[in-house]
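Novice: Shown below is the structure under consideration.
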Number of protein chains: 2
Amino acid sequence: MSAEERRESVIRAAITEFGRGGYHGTSTEAIAKRVGVSQPYLFRLFPNKRAIFLAAALRCIEDTAAVLHDAAEGLPPDEAHKAMAVAYQRLIEDRDRLLMQMQMYVAVASAESAGDREFGKPIRAAWSEHLHDFSLLTFEGDTEEATTFLAFGMLINTLVALGYPPDNRVWDGFWPETRPGT
Amino acid sequence: MSAEERRESVIRAAITEFGRGGYHGTSTEAIAKRVGVSQPYLFRLFPNKRAIFLAAALRCIEDTAAVLHDAAEGLPPDEAHKAMAVAYQRLIEDRDRLLMQMQMYVAVASAESAGDREFGKPIRAAWSEHLHDFSLLTFEGDTEEATTFLAFGMLINTLVALGYPPDNRVWDGFWPETRPGT
DNA sequence: CAAGTTAGTGATTGGCCAATAACTTAATCG
DNA sequence: CGATTAAGTTATTGGCCAATCACTAACTTG
């Protein structure tokens, strides 16, 4: 397998493992095991653990943005809202991907607290471009709608992370109805 | 100093340290240093590291709830919304407290992923009672308003965690205006 | 004062973990 | 064929860290 292909599988494995354990709670050994490769080999593919985390985080944002983008494509704002909500709902059924999102928020915060302003930069940039600006664009500059969309997304993230069972959906009725059958 | 008083200072120190470093990224040594006590003594005050984290997390939720409660006391729902928003805004100027909130969400998620359903129980219970139910009560059963309040709170948490500078407030105009001077 | 209790410390241990170094195949190619 | 490159491994090291143990010093109280 080529190094580039391996890097891909490392990123996929890293999203799962870092999502579940967080940066400090995940060993490079665990990632290597999931990839099916020896632990030291990871350091041929990436300079260090932090770089693996960063790659996983950015991939995560890009994937999310791509799903939302595809869902909204060509639709007028009001239909786009619902379509994106449905798409996001389906996306976060992949719990590991959702958790990776949360993990990256706190990882940036931790780095910042430790005096490292650099680590968060690319992540903030990706978030702004792929999520915030994209929302604004989709809702044609309707800031209220765009912001509300993001806010409900973050509430859902939190509740799912906290482990509320999927049927306890406090957002039903506000976030567009996305239950099968409605 | 009595053991009970010490436990209090440990909880305060733990909120700061766990907030900055997360569960796995924080050593008991760091907490002990901040308290001004030897590391082994922590294990006289608490059975283990996890118990310290749990105590810090619950305290965090209770404090937040108390601040919101005091702010809303005696006000009709529409005024309460604004008062609570202002109070929350002021609360999260204490960055460490805010980060502890995020850290507890991902810690619960991690435990859950590792098959431990127990760890999250008291935290979920506190969140439901002190934040969700309390919101509903304050807004007199207006679920939409209550949910929106929580959703914007979570969005703010995320943006602040990500390190957006305080003047980049995408929520201005939707979350009640809370800028000094407005 | 003697005996117990409470607050606290120093030393240690066993395990984990990121990263490095040195080595091994296997394919490619002039 | 002989040399180079790319993919991958085993062994190791130095550091950190949760938790336990054994100990001390000060107060309290009959």
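In the structure tokens, the first chain shown is A, the next is B, and so on; residue numbers restart at 1 for each chain, and ligands run from 1 in the order shown.
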What are the closest atom pairs, with distances in Å to one decimal, for each residue of chain B lying within 10 Å of chain D, using only C-alpha atoms (C1' of nucleotides), rows by chain and rising residue number, as JSON lines?

Specialist:
```
{"residue": "B:Thr26", "atom": "CA", "partner": "D:DC17", "partner_atom": "C1'", "distance": 9.9}
{"residue": "B:Ser27", "atom": "CA", "partner": "D:DC17", "partner_atom": "C1'", "distance": 6.9}
{"residue": "B:Thr28", "atom": "CA", "partner": "D:DA18", "partner_atom": "C1'", "distance": 7.8}
{"residue": "B:Glu29", "atom": "CA", "partner": "D:DC17", "partner_atom": "C1'", "distance": 8.4}
{"residue": "B:Gln39", "atom": "CA", "partner": "D:DA18", "partner_atom": "C1'", "distance": 9.9}
{"residue": "B:Pro40", "atom": "CA", "partner": "D:DA19", "partner_atom": "C1'", "distance": 7.9}
{"residue": "B:Phe43", "atom": "CA", "partner": "D:DA19", "partner_atom": "C1'", "distance": 7.9}
{"residue": "B:Pro47", "atom": "CA", "partner": "D:DA19", "partner_atom": "C1'", "distance": 9.9}
{"residue": "B:Asn48", "atom": "CA", "partner": "D:DA19", "partner_atom": "C1'", "distance": 8.2}
{"residue": "B:Lys49", "atom": "CA", "partner": "D:DA18", "partner_atom": "C1'", "distance": 7.8}
```

Novice: Show me which bits of chain C are within 12 Å of chain B, counting only C-alpha atoms (C1' of nucleotides), as number ranges by chain.

Specialist: C: 6-12

Novice: Go ahead and write the selection's residues with C-alpha atoms (C1' of nucleotides) as a short mmCIF file (atom, residue, chain, number, x, y, z; two decimals), in the first residue's frame.

Specialist:
```cif
data_model
loop_
_atom_site.label_atom_id
_atom_site.label_comp_id
_atom_site.auth_asym_id
_atom_site.auth_seq_id
_atom_site.Cartn_x
_atom_site.Cartn_y
_atom_site.Cartn_z
"C1'" DT C 6 -6.93 14.57 62.11
"C1'" DA C 7 -4.05 16.79 58.68
"C1'" DG C 8 -0.43 16.08 56.13
"C1'" DT C 9 4.43 14.45 53.87
"C1'" DG C 10 8.27 11.61 51.35
"C1'" DA C 11 9.48 7.67 48.93
"C1'" DT C 12 8.28 4.30 45.85
#
```

Novice: Provide as a PyMOL selection string the residues of chain A at most 7 Å from chain B, counting only C-alpha atoms.

Specialist: chain A and resi 20-21+24-25+102-103+105-106+108-110+113+124+144+147+151-152+154-155+158+161-163+171+174

Novice: Could you tell me how far atom CA of B:His69 sits from atom CA of B:Phe46, in Å to one decimal place?

Specialist: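 So the answer is 29.5 Å.
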
Novice: If we count only C-alpha atoms (C1' of nucleotides) and set the cut-off at 10 Å, which residues sit around B:Arg12, ignoring sequence neighbours fewer than 4 positions away in its own chain? Please answer as a list in words.

Specialist: Arg6, Arg7, Glu8, Thr16, Glu17, Ile31, Arg34, Val35, Ala55, Ala56, Arg59, Cys60 and Arg97 of chain B

Novice: Taking C-alpha atoms for each residue, export the selection above as a tab-separated table (two decimals), in the first residue's frame.

Specialist:
```
chain	number	residue	atom	x	y	z
B	6	ARG	CA	-9.59	21.28	51.64
B	7	ARG	CA	-12.02	19.38	49.48
B	8	GLU	CA	-13.51	22.72	48.49
B	16	THR	CA	-9.22	25.23	36.54
B	17	GLU	CA	-6.80	22.42	35.79
B	31	ILE	CA	-4.07	19.93	40.95
B	34	ARG	CA	-2.47	24.56	42.72
B	35	VAL	CA	-4.08	23.64	46.03
B	55	ALA	CA	-17.03	16.62	41.82
B	56	ALA	CA	-15.62	19.45	39.71
B	59	ARG	CA	-20.01	21.85	40.97
B	60	CYS	CA	-19.65	23.56	37.64
B	97	ARG	CA	-15.24	27.38	34.07
```

Novice: Identify, with DSSP run on backbone atoms, the residues in chain B assigned to helix (DSSP H, G or I), and express the list as a PyMOL selection string.

Specialist: chain B and resi 3-21+28-35+39-45+49-72+77-91+95-113+120-138+143-162

Novice: Just to confirm, what's the straight-line distance from atom CA of A:Ala51 to atom C1' of C:DA19 in Å (one decimal)?

Specialist: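 Separation of atom CA of A:Ala51 and atom C1' of C:DA19: 13.6 Å.
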